[in-house]
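> File follows, my_file-v4.csv with CSV, C-alpha atoms and all ligand atoms:
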chain,number,residue,atom,x,y,z
A,28,MET,CA,-50.0,0.7,2.8
A,29,ALA,CA,-52.6,-1.4,1.1
A,30,ARG,CA,-52.3,-5.1,1.9
A,31,ARG,CA,-53.9,-7.6,-0.4
A,32,LYS,CA,-56.3,-10.0,1.4
A,33,PHE,CA,-54.9,-13.5,1.8
A,34,VAL,CA,-57.1,-16.6,2.4
A,35,VAL,CA,-55.2,-19.8,3.0
A,36,GLY,CA,-56.5,-23.4,3.3
A,37,ASN,CA,-54.6,-25.7,5.7
A,38,TRP,CA,-55.7,-29.2,4.8
A,39,LYS,CA,-53.8,-30.6,7.8
A,40,MET,CA,-53.6,-34.5,7.6
A,41,ASN,CA,-56.5,-34.7,5.1
A,42,GLY,CA,-56.6,-35.4,1.4
A,43,LEU,CA,-55.8,-38.2,-1.0
A,44,SER,CA,-55.5,-37.7,-4.7
A,45,ASP,CA,-59.2,-37.7,-5.2
A,46,ALA,CA,-59.3,-34.4,-3.3
A,47,LEU,CA,-57.5,-32.6,-6.1
A,48,GLY,CA,-60.8,-31.8,-7.8
A,49,GLU,CA,-61.7,-29.7,-4.8
A,50,ALA,CA,-58.4,-27.8,-5.2
A,51,ARG,CA,-59.1,-27.2,-8.9
A,52,ALA,CA,-62.6,-25.9,-8.0
A,53,ILE,CA,-61.3,-23.6,-5.3
A,54,PHE,CA,-58.6,-22.1,-7.6
A,55,ALA,CA,-61.1,-21.8,-10.5
A,56,ALA,CA,-63.5,-19.8,-8.2
A,57,ALA,CA,-60.6,-17.8,-6.8
A,58,ASP,CA,-59.8,-16.6,-10.4
A,59,SER,CA,-63.0,-14.5,-10.3
A,60,HIS,CA,-61.7,-12.7,-7.2
A,61,SER,CA,-58.4,-11.1,-8.3
A,62,SER,CA,-58.2,-8.8,-5.2
A,63,VAL,CA,-57.7,-11.9,-3.0
A,64,ASP,CA,-54.6,-14.1,-2.8
A,65,VAL,CA,-55.7,-17.7,-2.3
A,66,ALA,CA,-53.4,-20.6,-1.3
A,67,ILE,CA,-53.9,-24.2,-0.3
A,68,CYS,CA,-51.5,-26.1,1.9
A,69,PRO,CA,-52.2,-29.8,1.4
A,70,PRO,CA,-50.2,-32.7,2.9
A,71,PHE,CA,-46.7,-33.0,1.5
A,72,THR,CA,-47.7,-36.0,-0.6
A,73,LEU,CA,-50.2,-33.9,-2.6
A,74,ILE,CA,-48.0,-30.9,-3.3
A,75,GLY,CA,-46.5,-32.0,-6.6
A,76,ALA,CA,-49.8,-33.3,-7.9
A,77,MET,CA,-51.7,-30.1,-6.8
A,78,VAL,CA,-49.1,-27.9,-8.6
A,79,ALA,CA,-49.4,-30.1,-11.7
A,80,THR,CA,-53.2,-29.9,-11.7
A,81,ALA,CA,-53.3,-26.2,-10.9
A,82,PRO,CA,-50.3,-24.7,-12.5
A,83,GLY,CA,-49.4,-21.2,-11.4
A,84,LYS,CA,-51.5,-21.4,-8.2
A,85,ALA,CA,-50.2,-20.9,-4.7
A,86,VAL,CA,-49.6,-24.3,-3.1
A,87,GLY,CA,-47.7,-24.7,0.2
A,88,GLY,CA,-46.4,-27.0,2.8
A,89,GLN,CA,-47.6,-27.2,6.4
A,90,ASP,CA,-44.2,-27.4,8.0
A,91,CYS,CA,-40.5,-27.6,7.0
A,92,HIS,CA,-37.3,-28.5,8.8
A,93,GLY,CA,-35.0,-25.8,9.9
A,94,ALA,CA,-32.0,-27.3,8.0
A,95,ALA,CA,-31.7,-27.3,4.2
A,96,SER,CA,-30.8,-31.0,4.1
A,97,GLY,CA,-29.4,-33.8,6.4
A,98,ALA,CA,-30.0,-36.9,8.4
A,99,PHE,CA,-33.5,-36.1,9.6
A,100,THR,CA,-35.6,-39.1,8.8
A,101,GLY,CA,-39.1,-38.3,7.9
A,102,SER,CA,-38.6,-34.5,7.7
A,103,VAL,CA,-39.0,-32.3,4.7
A,104,ALA,CA,-36.7,-29.3,4.0
A,105,ALA,CA,-37.8,-26.0,2.6
A,106,PRO,CA,-35.8,-26.3,-0.6
A,107,MET,CA,-37.6,-29.6,-1.2
A,108,LEU,CA,-41.0,-27.8,-0.9
A,109,ALA,CA,-39.8,-25.2,-3.4
A,110,ASP,CA,-38.5,-28.0,-5.7
A,111,ALA,CA,-41.9,-29.6,-5.6
A,112,GLY,CA,-43.5,-26.4,-6.8
A,113,ALA,CA,-44.6,-25.0,-3.5
A,114,SER,CA,-44.5,-21.2,-3.1
A,115,LEU,CA,-45.2,-21.0,0.7
A,116,VAL,CA,-45.0,-22.8,3.9
A,117,ILE,CA,-46.8,-22.7,7.3
A,118,VAL,CA,-44.5,-22.8,10.3
A,119,GLY,CA,-45.2,-22.9,14.1
A,120,HIS,CA,-48.8,-24.2,13.9
A,121,SER,CA,-50.0,-25.0,17.4
A,122,GLU,CA,-50.5,-28.6,16.3
A,123,ARG,CA,-46.7,-28.7,15.8
A,124,ARG,CA,-45.8,-26.5,18.8
A,125,GLU,CA,-47.9,-28.6,21.1
A,126,GLY,CA,-47.9,-32.0,19.5
A,127,PHE,CA,-44.3,-32.1,18.5
A,128,GLY,CA,-42.7,-29.9,21.2
A,129,GLU,CA,-41.6,-27.1,18.8
A,130,SER,CA,-40.1,-24.1,20.6
A,131,ASP,CA,-40.0,-20.5,19.4
A,132,ALA,CA,-36.4,-21.1,18.4
A,133,ASP,CA,-37.4,-24.1,16.3
A,134,VAL,CA,-40.1,-22.1,14.7
A,135,ARG,CA,-37.8,-19.2,13.9
A,136,ALA,CA,-35.3,-21.6,12.3
A,137,LYS,CA,-38.1,-23.1,10.2
A,138,ALA,CA,-39.2,-19.6,9.1
A,139,GLU,CA,-35.6,-18.6,8.2
A,140,ALA,CA,-35.3,-21.9,6.2
A,141,GLY,CA,-38.5,-21.2,4.3
A,142,LEU,CA,-37.5,-17.6,3.5
A,143,SER,CA,-34.0,-18.7,2.4
A,144,ALA,CA,-35.6,-21.2,0.1
A,145,GLY,CA,-37.5,-18.4,-1.6
A,146,LEU,CA,-40.9,-19.4,0.0
A,147,SER,CA,-43.4,-17.1,1.6
A,148,VAL,CA,-43.9,-18.0,5.2
A,149,ILE,CA,-47.0,-18.0,7.4
A,150,LEU,CA,-45.9,-18.1,11.0
A,151,CYS,CA,-48.5,-19.2,13.5
A,152,VAL,CA,-49.0,-18.0,17.1
A,153,GLY,CA,-51.8,-18.4,19.5
A,154,GLU,CA,-52.7,-18.9,23.2
A,155,PRO,CA,-54.3,-21.9,25.0
A,156,LEU,CA,-57.6,-21.5,26.7
A,157,ALA,CA,-56.2,-21.2,30.2
A,158,VAL,CA,-54.1,-18.3,29.1
A,159,ARG,CA,-57.0,-16.5,27.5
A,160,GLU,CA,-59.1,-17.1,30.6
A,161,SER,CA,-56.4,-15.7,32.9
A,162,GLY,CA,-56.2,-12.5,30.8
A,163,GLY,CA,-52.7,-13.2,29.6
A,164,ALA,CA,-53.4,-13.8,25.9
A,165,ILE,CA,-51.7,-10.7,24.5
A,166,ASP,CA,-48.5,-11.1,26.5
A,167,PHE,CA,-48.3,-14.8,25.6
A,168,VAL,CA,-48.7,-14.2,21.9
A,169,LEU,CA,-46.3,-11.2,21.8
A,170,ALA,CA,-43.7,-13.4,23.5
A,171,GLN,CA,-44.2,-16.0,20.7
A,172,VAL,CA,-43.9,-13.2,18.1
A,173,ALA,CA,-40.7,-12.0,19.8
A,174,GLY,CA,-39.2,-15.4,20.0
A,175,SER,CA,-40.2,-16.9,16.6
A,176,VAL,CA,-40.1,-14.0,14.1
A,177,PRO,CA,-36.7,-13.8,12.3
A,178,GLU,CA,-34.6,-10.7,12.5
A,179,SER,CA,-34.6,-9.8,8.8
A,180,PHE,CA,-36.9,-10.7,6.0
A,181,ASP,CA,-38.9,-9.3,3.1
A,182,PRO,CA,-42.2,-8.2,4.9
A,183,GLN,CA,-44.2,-9.1,1.8
A,184,ARG,CA,-43.1,-12.8,2.3
A,185,LEU,CA,-43.8,-13.2,6.0
A,186,ALA,CA,-47.3,-13.3,7.3
A,187,ILE,CA,-48.3,-14.0,10.9
A,188,ALA,CA,-51.4,-16.1,11.6
A,189,TYR,CA,-53.1,-15.6,15.0
A,190,GLU,CA,-54.8,-18.8,15.8
A,191,PRO,CA,-56.1,-19.1,19.4
A,192,ILE,CA,-55.7,-22.8,20.2
A,193,TRP,CA,-59.1,-23.0,21.8
A,194,ALA,CA,-60.8,-21.8,18.6
A,195,ILE,CA,-59.2,-24.4,16.3
A,196,GLY,CA,-61.7,-27.0,15.2
A,197,THR,CA,-64.1,-26.2,18.0
A,198,GLY,CA,-66.6,-23.9,16.5
A,199,LEU,CA,-65.6,-21.3,19.1
A,200,VAL,CA,-64.3,-17.9,17.9
A,201,PRO,CA,-63.1,-14.9,19.9
A,202,THR,CA,-65.1,-11.7,19.7
A,203,VAL,CA,-64.3,-9.4,16.8
A,204,GLY,CA,-63.1,-7.0,19.5
A,205,ASP,CA,-60.7,-9.5,20.9
A,206,VAL,CA,-59.4,-10.4,17.4
A,207,ALA,CA,-58.9,-6.7,16.6
A,208,ALA,CA,-57.1,-6.1,19.9
A,209,MET,CA,-54.7,-9.1,19.4
A,210,HIS,CA,-54.0,-8.1,15.8
A,211,GLY,CA,-53.4,-4.5,16.8
A,212,ALA,CA,-51.0,-5.6,19.5
A,213,ILE,CA,-49.1,-7.9,17.1
A,214,ARG,CA,-48.9,-5.1,14.5
A,215,GLY,CA,-47.7,-2.7,17.2
A,216,ALA,CA,-45.0,-5.1,18.4
A,217,LEU,CA,-43.8,-5.7,14.8
A,218,ALA,CA,-43.7,-1.9,14.2
A,219,GLU,CA,-41.6,-1.4,17.3
A,220,ARG,CA,-39.1,-4.0,16.1
A,221,PHE,CA,-39.2,-3.5,12.4
A,222,GLY,CA,-40.5,0.0,11.8
A,223,ASP,CA,-42.4,0.6,8.6
A,224,ALA,CA,-41.9,-2.9,7.4
A,225,ALA,CA,-44.7,-4.0,9.8
A,226,GLN,CA,-47.2,-2.2,7.7
A,227,ALA,CA,-46.5,-4.5,4.7
A,228,MET,CA,-46.9,-7.7,6.8
A,229,ARG,CA,-50.2,-9.5,6.6
A,230,LEU,CA,-51.8,-10.7,9.8
A,231,LEU,CA,-54.2,-13.6,9.3
A,232,TYR,CA,-56.9,-14.9,11.8
A,233,GLY,CA,-57.4,-18.6,12.1
A,234,GLY,CA,-59.7,-20.8,14.2
A,235,SER,CA,-63.2,-22.0,13.2
A,236,VAL,CA,-63.5,-19.6,10.3
A,237,ASN,CA,-66.4,-20.4,8.0
A,238,GLY,CA,-68.5,-18.7,5.4
A,239,ASP,CA,-70.9,-17.3,8.0
A,240,ASN,CA,-68.4,-15.7,10.4
A,241,ALA,CA,-65.8,-14.7,7.7
A,242,PRO,CA,-67.4,-11.4,6.8
A,243,GLU,CA,-67.1,-9.9,10.3
A,244,LEU,CA,-63.8,-11.6,11.2
A,245,LEU,CA,-62.1,-10.5,8.0
A,246,ASN,CA,-63.4,-7.0,8.6
A,247,ALA,CA,-61.8,-6.7,12.1
A,248,GLY,CA,-59.0,-4.2,12.5
A,249,ASP,CA,-55.6,-5.3,11.3
A,250,VAL,CA,-57.0,-8.6,9.9
A,251,ASP,CA,-55.6,-9.2,6.4
A,252,GLY,CA,-57.0,-12.6,5.8
A,253,ALA,CA,-57.7,-16.1,7.2
A,254,LEU,CA,-56.0,-19.4,7.8
A,255,VAL,CA,-58.7,-22.0,7.4
A,256,GLY,CA,-58.7,-25.6,8.4
A,257,GLY,CA,-61.9,-27.7,8.2
A,258,ALA,CA,-63.8,-25.3,6.0
A,259,SER,CA,-61.0,-25.3,3.4
A,260,LEU,CA,-61.4,-29.0,2.5
A,261,THR,CA,-64.2,-28.4,0.0
A,262,ALA,CA,-64.9,-25.7,-2.5
A,263,ALA,CA,-68.5,-25.4,-1.2
A,264,LYS,CA,-67.2,-24.3,2.2
A,265,PHE,CA,-64.0,-22.5,1.2
A,266,VAL,CA,-65.2,-20.4,-1.7
A,267,PRO,CA,-67.7,-18.3,0.5
A,268,ILE,CA,-64.7,-17.3,2.7
A,269,VAL,CA,-62.8,-16.1,-0.4
A,270,GLU,CA,-65.9,-14.3,-1.5
A,271,ALA,CA,-66.2,-12.6,1.9
A,272,ALA,CA,-62.6,-11.4,1.6
A,273,ALA,CA,-63.3,-10.1,-1.9
A,274,ALA,CA,-66.3,-8.2,-0.7
A,275,LEU,CA,-64.3,-6.1,1.7
A,301,LIG,P1,-60.1,-24.8,11.8
A,301,LIG,O1,-60.5,-23.8,10.7
A,301,LIG,O2,-60.5,-26.2,11.4
A,301,LIG,O3,-60.6,-24.4,13.1
A,301,LIG,O4,-58.5,-24.9,11.8
A,301,LIG,C1,-57.8,-23.7,11.9
A,301,LIG,C2,-56.4,-24.0,11.7
A,301,LIG,O5,-55.8,-24.6,12.6
A,301,LIG,C3,-55.8,-23.5,10.5
A,301,LIG,O6,-54.4,-23.6,10.5
For this file, write the structure as structure tokens.


Amino acid sequence: MARRKFVVGNWKMNGLSDALGEARAIFAAADSHSSVDVAICPPFTLIGAMVATAPGKAVGGQDCHGAASGAFTGSVAAPMLADAGASLVIVGHSERREGFGESDADVRAKAEAGLSAGLSVILCVGEPLAVRESGGAIDFVLAQVAGSVPESFDPQRLAIAYEPIWAIGTGLVPTVGDVAAMHGAIRGALAERFGDAAQAMRLLYGGSVNGDNAPELLNAGDVDGALVGGASLTAAKFVPIVEAAAAL
């Protein structure tokens, strides 16, 4: 089954309203590459303004609560993201799992909340350096997949992002062979659990993706796109990654 390439910018805790021009430039450039789905996940505070300035484009949240509403000071629920015009949400990013103690069960609840609200979900997994060095990366990541992927969902609306923690923001990237091996293992585990639906799910790689390394990372087996942090903040750095995806 042909899967469309998907290139997503995760702006993390970066971006004031003067960054909206970059988003407009990114989406304008993406218009010339209709074979690639392009999305930007800005901070919550910019979602409404980004949707207003780039109507019809894919704008997403970086997290959501597992409940639809309630007494959770400071949290944002998936229906609120949808109400603000978002069409997707990232859940289970390692900066949430590690920094905010989110468990696989929490991540699964967030993914279910996002799907119930009609959003597409990008569910992140990835191992720390010590696990990679001990040779346990695939087992570690497959356990995260088993624990955090919901039981039933539209496979077109749930993507998995493999983001090795040691590669995030460091300039380090796994070998193309290691990326392909991990993505193949994730696809295999999804196929065992969900059958043919696994072929429709997109698997993204994330961690120090840039315009130089994108061509080979995006070409690795079972890689359907990229989740990009630092290099997504400007059109100058992000558009070459979109172009690399379009060239495949
Ligand atoms: P960098 O691209 O800055 O390494 O971040 C990757 C990431 O965490 C995207 O979610």

> Counting only C-alpha atoms and all ligand atoms, name the residues that have an atom within 10 Å of an atom of ligand LIG 301 (chain A); the answer should be given as a VMD selection string.

chain A and resid 35 to 39 68 89 117 to 122 149 151 188 to 200 232 to 237 253 to 260

> Any idea what's packed within 12 Å of region 269-273 of chain A, counting only C-alpha atoms, ignoring anything in its chain fewer than 5 positions away? Could you give it as an mmCIF file with C-alpha atoms, keeping the file's coordinate frame?


data_model
loop_
_atom_site.group_PDB
_atom_site.id
_atom_site.type_symbol
_atom_site.label_atom_id
_atom_site.label_comp_id
_atom_site.auth_asym_id
_atom_site.auth_seq_id
_atom_site.Cartn_x
_atom_site.Cartn_y
_atom_site.Cartn_z
ATOM 1 C CA ARG A 31 -53.900 -7.600 -0.400
ATOM 2 C CA LYS A 32 -56.300 -10.000 1.400
ATOM 3 C CA PHE A 33 -54.900 -13.500 1.800
ATOM 4 C CA VAL A 34 -57.100 -16.600 2.400
ATOM 5 C CA VAL A 35 -55.200 -19.800 3.000
ATOM 6 C CA GLY A 36 -56.500 -23.400 3.300
ATOM 7 C CA ILE A 53 -61.300 -23.600 -5.300
ATOM 8 C CA PHE A 54 -58.600 -22.100 -7.600
ATOM 9 C CA ALA A 55 -61.100 -21.800 -10.500
ATOM 10 C CA ALA A 56 -63.500 -19.800 -8.200
ATOM 11 C CA ALA A 57 -60.600 -17.800 -6.800
ATOM 12 C CA ASP A 58 -59.800 -16.600 -10.400
ATOM 13 C CA SER A 59 -63.000 -14.500 -10.300
ATOM 14 C CA HIS A 60 -61.700 -12.700 -7.200
ATOM 15 C CA SER A 61 -58.400 -11.100 -8.300
ATOM 16 C CA SER A 62 -58.200 -8.800 -5.200
ATOM 17 C CA VAL A 63 -57.700 -11.900 -3.000
ATOM 18 C CA ASP A 64 -54.600 -14.100 -2.800
ATOM 19 C CA VAL A 65 -55.700 -17.700 -2.300
ATOM 20 C CA ALA A 66 -53.400 -20.600 -1.300
ATOM 21 C CA LEU A 231 -54.200 -13.600 9.300
ATOM 22 C CA VAL A 236 -63.500 -19.600 10.300
ATOM 23 C CA ASN A 237 -66.400 -20.400 8.000
ATOM 24 C CA GLY A 238 -68.500 -18.700 5.400
ATOM 25 C CA ASP A 239 -70.900 -17.300 8.000
ATOM 26 C CA ASN A 240 -68.400 -15.700 10.400
ATOM 27 C CA ALA A 241 -65.800 -14.700 7.700
ATOM 28 C CA PRO A 242 -67.400 -11.400 6.800
ATOM 29 C CA GLU A 243 -67.100 -9.900 10.300
ATOM 30 C CA LEU A 244 -63.800 -11.600 11.200
ATOM 31 C CA LEU A 245 -62.100 -10.500 8.000
ATOM 32 C CA ASN A 246 -63.400 -7.000 8.600
ATOM 33 C CA ALA A 247 -61.800 -6.700 12.100
ATOM 34 C CA VAL A 250 -57.000 -8.600 9.900
ATOM 35 C CA ASP A 251 -55.600 -9.200 6.400
ATOM 36 C CA GLY A 252 -57.000 -12.600 5.800
ATOM 37 C CA ALA A 253 -57.700 -16.100 7.200
ATOM 38 C CA LEU A 254 -56.000 -19.400 7.800
ATOM 39 C CA VAL A 255 -58.700 -22.000 7.400
ATOM 40 C CA ALA A 258 -63.800 -25.300 6.000
ATOM 41 C CA SER A 259 -61.000 -25.300 3.400
ATOM 42 C CA ALA A 262 -64.900 -25.700 -2.500
ATOM 43 C CA ALA A 263 -68.500 -25.400 -1.200
ATOM 44 C CA LYS A 264 -67.200 -24.300 2.200
#

> Would you mind listing what lies within 10 Å of Met209 (chain A) as a count of residues only, with only C-alpha atoms counted and same-chain residues fewer than 2 positions away left out?

21

> Excluding same-chain residues fewer than 5 positions from Lys137 (chain A), what lies within 9 Å of it counting all atoms listed in the file, as a PyMOL selection string?

chain A and resi 90-94+104-105+118-119+132+142

> Counting all atoms listed in the file, which residue out of A:Ala136, A:Val116, A:Leu275, A:Ala208 sits closest to Ile187 (chain A)?

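Checking each of A:Ala136, A:Val116, A:Leu275, A:Ala208 against Ile187 (chain A), counting all atoms listed in the file, the winner is A:Val116.
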
> Show me, as JSON, numbers by chain, the residues that have an atom within 12 Å of Asp45 (chain A) when counting all atoms listed in the file, minus same-chain residues fewer than 5 positions from it.

{"A": [50, 51, 73, 76, 77, 80, 260, 261]}

> How many Å separate CA of Ala111 (chain A) from CA of Glu49 (chain A)?

19.8 Å

> One number please: CA of Ala218 (chain A) to CA of Ile67 (chain A), in Å, one decimal.

28.5 Å

> Report, in Å with one decimal, the straight-line distance from CA of Pro155 (chain A) to CA of Arg135 (chain A).

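Between CA of Pro155 (chain A) and CA of Arg135 (chain A) the gap is 20.1 Å.
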
> So which one's closest to Arg124 (chain A), A:Val103, A:Ala138, A:Val152, A:Ala274? Using all atoms listed in the file, please.

A:Val152

> In the coordinate frame of the file, compute which residues have an atom within 9 Å of (-36.4, -7.2, 11.8) when using all atoms listed in the file, and state them as a count of residues only.

10

> Kindly indicate which residue among A:Ser147, A:Gly141, A:Met107, A:Ala225 lies nearest to Phe71 (chain A), using only C-alpha atoms for the distances.

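Counting only C-alpha atoms, the residue closest to Phe71 (chain A) is A:Met107.
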